[in-house]
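Next comes work.cif, with mmCIF, C-alpha atoms.
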data_work
loop_
_atom_site.label_atom_id
_atom_site.label_comp_id
_atom_site.auth_asym_id
_atom_site.auth_seq_id
_atom_site.Cartn_x
_atom_site.Cartn_y
_atom_site.Cartn_z
CA MET R 23 102.88 66.75 98.66
CA PRO R 24 101.14 68.89 101.34
CA ARG R 25 97.70 70.14 100.33
CA ASN R 26 98.76 73.77 100.83
CA PHE R 27 101.93 73.41 98.75
CA SER R 28 100.57 75.40 95.78
CA GLY R 29 99.70 78.31 98.06
CA TYR R 30 103.15 78.15 99.62
CA PHE R 31 104.77 78.15 96.19
CA PHE R 32 102.77 81.24 95.19
CA ILE R 33 103.94 83.09 98.32
CA LEU R 34 107.51 82.01 97.61
CA GLN R 35 107.24 83.34 94.06
CA GLN R 36 105.97 86.68 95.32
CA HIS R 37 108.78 86.86 97.88
CA MET R 38 111.44 86.04 95.29
CA ARG R 39 110.15 88.41 92.65
CA LYS R 40 112.59 91.10 91.55
CA TYR R 41 111.09 94.53 91.07
CA GLU R 42 113.07 96.09 88.25
CA ASP R 43 112.03 99.06 86.16
CA THR R 44 114.27 98.65 83.14
CA TYR R 45 114.86 100.98 80.19
CA ARG R 46 112.59 98.68 78.21
CA HIS R 47 109.77 99.10 80.72
CA LYS R 48 110.24 102.87 80.69
CA GLY R 49 110.16 102.90 76.91
CA LEU R 50 106.96 100.87 76.81
CA ARG R 51 105.45 103.20 79.42
CA LYS R 52 106.31 106.23 77.30
CA LYS R 53 104.54 104.62 74.32
CA LEU R 54 101.50 104.02 76.51
CA ILE R 55 101.46 107.68 77.53
CA ASP R 56 101.55 108.66 73.85
CA ILE R 57 98.54 106.38 73.24
CA LEU R 58 96.65 108.03 76.11
CA LYS R 59 97.37 111.44 74.61
CA GLU R 60 96.05 110.28 71.24
CA LYS R 61 92.86 109.09 72.97
CA GLY R 62 92.25 112.54 74.44
CA ILE R 63 93.93 112.60 77.85
CA THR R 64 95.26 116.14 78.19
CA ASP R 65 95.95 116.58 81.92
CA GLU R 66 99.75 116.66 82.12
CA ASN R 67 99.71 115.88 85.85
CA VAL R 68 97.82 112.65 85.15
CA LEU R 69 100.14 111.70 82.29
CA ASN R 70 103.28 112.48 84.31
CA ALA R 71 102.05 110.45 87.29
CA MET R 72 101.29 107.43 85.11
CA ASN R 73 104.64 107.78 83.37
CA ASN R 74 106.38 107.68 86.76
CA ILE R 75 104.64 104.51 87.99
CA PRO R 76 105.80 101.04 86.87
CA ARG R 77 102.46 99.38 86.10
CA HIS R 78 104.12 95.98 85.76
CA TYR R 79 104.77 96.01 89.54
CA PHE R 80 100.99 95.73 90.08
CA LEU R 81 100.64 92.57 87.98
CA ASP R 82 101.95 89.04 88.18
CA SER R 83 105.45 88.82 86.70
CA ALA R 84 103.98 86.73 83.86
CA PHE R 85 102.45 89.97 82.51
CA ASP R 86 105.73 91.93 82.44
CA GLU R 87 106.00 91.98 78.66
CA ILE R 88 102.40 93.11 78.07
CA ALA R 89 101.81 95.25 81.17
CA TYR R 90 101.89 98.45 79.11
CA GLU R 91 99.25 97.47 76.61
CA ASP R 92 96.17 99.63 76.99
CA ARG R 93 93.91 96.95 78.37
CA ALA R 94 92.67 95.47 81.63
CA PHE R 95 94.20 92.33 83.13
CA PRO R 96 92.98 89.85 85.74
CA ILE R 97 94.24 90.07 89.30
CA ALA R 98 93.28 88.01 92.36
CA ALA R 99 89.74 87.51 93.74
CA GLU R 100 88.23 87.57 90.22
CA GLN R 101 88.94 91.30 89.95
CA THR R 102 90.85 93.30 87.35
CA ILE R 103 93.42 96.06 87.07
CA SER R 104 91.68 98.69 84.98
CA GLN R 105 92.70 99.63 81.45
CA PRO R 106 95.21 102.54 81.64
CA TYR R 107 92.88 104.72 79.57
CA THR R 108 90.12 104.16 82.13
CA VAL R 109 92.46 105.08 85.00
CA ALA R 110 93.61 108.21 83.17
CA TYR R 111 90.04 109.15 82.20
CA GLN R 112 88.64 108.87 85.73
CA THR R 113 91.62 110.67 87.22
CA GLN R 114 91.34 113.51 84.71
CA LEU R 115 87.63 113.92 85.49
CA LEU R 116 88.46 114.08 89.20
CA GLN R 117 90.57 117.25 88.65
CA VAL R 118 93.06 116.23 91.32
CA LYS R 119 94.92 118.88 93.33
CA PRO R 120 97.90 118.09 95.59
CA THR R 121 95.92 119.26 98.62
CA ASP R 122 92.93 116.99 97.93
CA LYS R 123 91.65 114.42 100.41
CA ILE R 124 90.31 111.60 98.22
CA LEU R 125 88.20 108.56 99.05
CA GLU R 126 88.62 105.66 96.62
CA ILE R 127 86.13 102.79 96.55
CA GLY R 128 87.76 99.59 95.29
CA THR R 129 91.50 99.32 96.00
CA GLY R 130 92.00 96.35 93.68
CA SER R 131 95.61 96.22 92.51
CA VAL R 132 96.38 99.62 94.17
CA TYR R 133 97.36 101.08 90.77
CA GLN R 134 94.65 103.77 90.66
CA ALA R 135 95.32 104.76 94.28
CA THR R 136 99.04 105.01 93.50
CA VAL R 137 98.36 107.38 90.61
CA LEU R 138 96.38 109.63 92.96
CA ALA R 139 99.09 109.45 95.63
CA GLU R 140 101.80 110.24 93.05
CA MET R 141 99.81 113.39 92.22
CA GLY R 142 100.14 114.47 95.86
CA ALA R 143 96.61 113.77 97.09
CA LYS R 144 95.91 112.22 100.49
CA VAL R 145 94.22 108.96 99.54
CA PHE R 146 91.92 106.76 101.63
CA THR R 147 91.12 103.56 99.76
CA ILE R 148 88.61 100.83 100.72
CA GLU R 149 88.71 97.20 99.58
CA ARG R 150 85.94 94.69 100.35
CA GLN R 151 87.87 91.61 99.16
CA LYS R 152 89.93 90.32 102.10
CA GLU R 153 92.43 88.64 99.79
CA LEU R 154 93.20 91.90 98.01
CA PHE R 155 93.28 93.90 101.24
CA GLU R 156 95.80 91.45 102.75
CA ARG R 157 98.06 92.02 99.76
CA THR R 158 98.21 95.74 100.50
CA LYS R 159 100.23 94.90 103.62
CA LYS R 160 103.12 94.11 101.27
CA TYR R 161 102.55 97.13 99.03
CA ILE R 162 105.94 97.87 97.54
CA PHE R 163 105.60 101.68 97.71
CA LYS R 164 104.32 101.86 101.31
CA ALA R 165 107.35 103.86 102.48
CA LYS R 166 107.15 106.23 99.50
CA TYR R 167 103.47 107.11 99.65
CA LEU R 168 102.78 107.91 103.29
CA ASN R 169 99.74 109.82 101.94
CA LEU R 170 98.03 106.52 101.02
CA LYS R 171 95.95 104.69 103.64
CA PHE R 172 94.30 101.26 103.22
CA PHE R 173 91.01 100.09 104.74
CA TYR R 174 89.07 96.82 104.67
CA GLY R 175 85.35 97.45 104.53
CA ASP R 176 82.11 98.04 102.67
CA GLY R 177 82.54 100.74 100.04
CA TYR R 178 78.89 101.75 100.29
CA GLU R 179 79.52 102.82 103.90
CA GLY R 180 82.56 104.93 103.06
CA LEU R 181 84.75 106.18 105.91
CA PRO R 182 82.61 108.52 108.04
CA THR R 183 85.38 108.83 110.66
CA TYR R 184 87.67 110.47 108.08
CA ALA R 185 85.03 112.52 106.26
CA PRO R 186 84.50 114.98 104.72
CA PHE R 187 86.41 114.36 101.49
CA ASP R 188 87.25 116.73 98.63
CA LYS R 189 86.81 113.99 96.05
CA VAL R 190 85.37 110.48 95.77
CA ILE R 191 86.29 108.03 93.03
CA ILE R 192 84.47 104.73 92.53
CA THR R 193 86.27 102.06 90.52
CA ALA R 194 83.40 99.58 90.20
CA ALA R 195 80.01 99.63 88.48
CA ALA R 196 77.54 101.17 90.91
CA PRO R 197 73.81 100.39 90.51
CA PHE R 198 72.95 103.76 92.11
CA ILE R 199 74.68 106.77 93.63
CA PRO R 200 75.56 105.69 97.20
CA PRO R 201 73.91 108.21 99.55
CA LYS R 202 76.46 107.76 102.35
CA LEU R 203 79.32 108.56 99.99
CA MET R 204 77.54 111.71 98.85
CA GLU R 205 77.06 112.68 102.50
CA GLN R 206 80.81 112.29 103.10
CA LEU R 207 81.67 114.63 100.21
CA LYS R 208 82.35 118.30 100.94
CA PRO R 209 80.10 120.94 99.36
CA GLY R 210 81.82 121.79 96.08
CA GLY R 211 83.49 118.37 96.08
CA LYS R 212 83.38 115.97 93.13
CA MET R 213 82.50 112.30 92.75
CA VAL R 214 83.47 110.28 89.68
CA ILE R 215 81.30 107.18 89.38
CA PRO R 216 80.52 104.61 86.67
CA LEU R 217 76.75 104.11 86.88
CA THR R 218 75.27 100.88 85.54
CA GLU R 219 73.40 100.98 82.23
CA GLY R 220 73.04 97.29 81.37
CA GLU R 221 76.34 95.70 80.41
CA LEU R 222 78.15 99.04 80.24
CA GLN R 223 78.32 101.96 82.64
CA ARG R 224 78.02 105.66 82.00
CA MET R 225 80.78 107.70 83.62
CA LEU R 226 79.36 110.55 85.70
CA ARG R 227 80.96 113.46 87.49
CA LEU R 228 78.83 114.80 90.32
CA THR R 229 79.53 118.12 92.02
CA LYS R 230 77.93 118.48 95.44
CA LYS R 231 75.94 121.64 96.11
CA GLU R 232 75.61 123.53 99.39
CA ASP R 233 72.07 122.19 99.89
CA GLY R 234 73.28 118.56 99.68
CA GLY R 235 72.08 118.03 96.11
CA TYR R 236 74.44 117.72 93.16
CA ASP R 237 75.05 118.78 89.58
CA GLU R 238 75.57 115.92 87.15
CA GLU R 239 77.83 115.71 84.09
CA VAL R 240 77.60 112.68 81.79
CA PHE R 241 80.56 111.23 79.88
CA GLU R 242 81.61 108.07 78.02
CA ARG R 243 80.59 104.45 78.62
CA PHE R 244 82.95 101.95 80.25
CA SER R 245 82.92 98.39 81.57
CA PHE R 246 83.67 97.68 85.25
CA VAL R 247 83.24 94.80 87.68
CA PRO R 248 80.14 95.34 89.86
CA MET R 249 80.25 97.33 93.10
CA LEU R 250 78.98 94.92 95.77
CA THR R 251 77.81 95.49 99.32
CA GLY R 252 79.41 94.13 102.49
CA LYS R 253 82.83 92.59 102.97
CA ASN R 254 84.05 89.39 101.35
CA GLY R 255 86.43 87.69 103.75
#

Starting from the coordinates I provided, produce the structure as structure tokens.
Amino acid sequence: MPRNFSGYFFILQQHMRKYEDTYRHKGLRKKLIDILKEKGITDENVLNAMNNIPRHYFLDSAFDEIAYEDRAFPIAAEQTISQPYTVAYQTQLLQVKPTDKILEIGTGSVYQATVLAEMGAKVFTIERQKELFERTKKYIFKAKYLNLKFFYGDGYEGLPTYAPFDKVIITAAAPFIPPKLMEQLKPGGKMVIPLTEGELQRMLRLTKKEDGGYDEEVFERFSFVPMLTGKNG
């Protein structure tokens, strides 16, 4: 057996996978939306976007039957697809408008970016893990969401060429507020960031002021993978 046979088999599995959004999947998704409502998600635009997106497409086919449980699951490169409640919570805090230009730090499975794109925002998403970035080249909704652009890079550096942004969302545990990301945010713009407090992170919403400072709002605690510097190729 060739040494790279297992890798070949994985690629073959991905190629052969059927992407079907059945009535069962839609029913499970509707139940998930009801759970999110019970947990306090009130933004109908967020709920509608998540109801329209088949989350099971963003996971290995082995997770099809449990993809709509409200919990995180492992993906490649030792990363995770966030719990749906976390995705809904961050998106609701971001107060997304269809005209928004949004920078996302941490593409991961592309699920969070897809929710933002479904809501009509123009999304620029950065991934530092080469393995995950390479997977975005086969993103199943690439033709649908022309408002979603992928970049391989260091999230702490942002995308100065495309700045300024209306909103910034960080989907990893940041040890501090990245100054370059704050610089790339428009005055009046908002950043949603989980800031490290030991094992858990406190969700913050920062609103940039005209003088370059910001107002800070503090929300619930969550658990994210760490936000690391550099690129991992």

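Taking atom CA of R:Ala94 and atom CA of R:Pro106 as endpoints, the distance between them is 7.5 Å.
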
Selection result for the PyMOL selection byres ((chain R and resi 201) around 12) on this file, as a compact mmCIF listing (two decimals) with C-alpha atoms, in the coordinates of the input:
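Contents of the output file expr.txt:
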# COMPACT_ATOMS: atom_id res chain seq x y z
CA GLY R 177 82.54 100.74 100.04
CA TYR R 178 78.89 101.75 100.29
CA GLU R 179 79.52 102.82 103.90
CA GLY R 180 82.56 104.93 103.06
CA ALA R 196 77.54 101.17 90.91
CA PRO R 197 73.81 100.39 90.51
CA PHE R 198 72.95 103.76 92.11
CA ILE R 199 74.68 106.77 93.63
CA PRO R 200 75.56 105.69 97.20
CA LYS R 202 76.46 107.76 102.35
CA LEU R 203 79.32 108.56 99.99
CA MET R 204 77.54 111.71 98.85
CA GLU R 205 77.06 112.68 102.50
CA GLN R 206 80.81 112.29 103.10
CA LEU R 207 81.67 114.63 100.21
CA MET R 213 82.50 112.30 92.75
CA LYS R 230 77.93 118.48 95.44
CA GLY R 234 73.28 118.56 99.68
CA GLY R 235 72.08 118.03 96.11
CA TYR R 236 74.44 117.72 93.16

At most 12 Å from (107.8, 109.9, 98.5), file frame, all atoms listed in the file: which residues, as a JSON list (two decimals) with C-alpha atoms, in the frame of the given file?
[["chain", "number", "residue", "atom", "x", "y", "z"],
["R", 136, "THR", "CA", 99.04, 105.01, 93.50],
["R", 139, "ALA", "CA", 99.09, 109.45, 95.63],
["R", 140, "GLU", "CA", 101.80, 110.24, 93.05],
["R", 141, "MET", "CA", 99.81, 113.39, 92.22],
["R", 142, "GLY", "CA", 100.14, 114.47, 95.86],
["R", 143, "ALA", "CA", 96.61, 113.77, 97.09],
["R", 163, "PHE", "CA", 105.60, 101.68, 97.71],
["R", 164, "LYS", "CA", 104.32, 101.86, 101.31],
["R", 165, "ALA", "CA", 107.35, 103.86, 102.48],
["R", 166, "LYS", "CA", 107.15, 106.23, 99.50],
["R", 167, "TYR", "CA", 103.47, 107.11, 99.65],
["R", 168, "LEU", "CA", 102.78, 107.91, 103.29],
["R", 169, "ASN", "CA", 99.74, 109.82, 101.94],
["R", 170, "LEU", "CA", 98.03, 106.52, 101.02]]

Between atom CA of R:Ile75 and atom CA of R:Tyr161, distance in Å (one decimal)
13.4 Å

Just so the selection is clear, what residues does the PyMOL selection byres ((chain R and resi 147) around 12) cover here, as a PyMOL selection string?
chain R and resi 123-136+138-139+143-146+148-150+154-155+158+169-177+180-181+184+187+189-193

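Near R:Glu153, within a cut-off of 9 Å and counting only C-alpha atoms, sit the residues Ala98, Ala99, Arg150, Glu156, Arg157, Asn254 and Gly255 of chain R, with same-chain residues fewer than 3 positions away left out.
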
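Proximity ranking of R:Leu58, R:Ile162, R:Met225, R:Leu217 relative to R:Gln105 places R:Leu58 first, based on all atoms listed in the file.
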
Residues selected by the PyMOL selection byres ((chain R and resi 224) around 8), written as a PyMOL selection string
chain R and resi 216-219+222-223+225-226+240-244

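Candidate residues R:Gln151, R:Arg227, R:Glu238, R:Glu91 were compared for distance to R:Gln114, and the nearest is R:Arg227, using only C-alpha atoms.
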
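Here the question is which of R:Thr44, R:Phe246, R:Asn73, R:Lys119 gets nearest to R:Phe95 using all atoms listed in the file, and that residue is R:Phe246.
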
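For the atom pair formed by atom CA of R:Glu87 and atom CA of R:Leu50, the distance is 9.1 Å, given to one decimal.
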
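Among the candidate residues R:Gly62, R:Lys53, R:Thr113, R:Pro76, the one lying nearest to R:Asp92 is R:Lys53, with distances computed using all atoms listed in the file.
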
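Across R:Arg51, R:Gln112, R:Tyr41, R:Thr121, the tightest approach to R:Ser83 is made by R:Tyr41 when counting only C-alpha atoms.
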
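Candidate residues R:Asp233, R:Leu115, R:Met249, R:Lys40 were compared for distance to R:Asp65, and the nearest is R:Leu115, using all atoms listed in the file.
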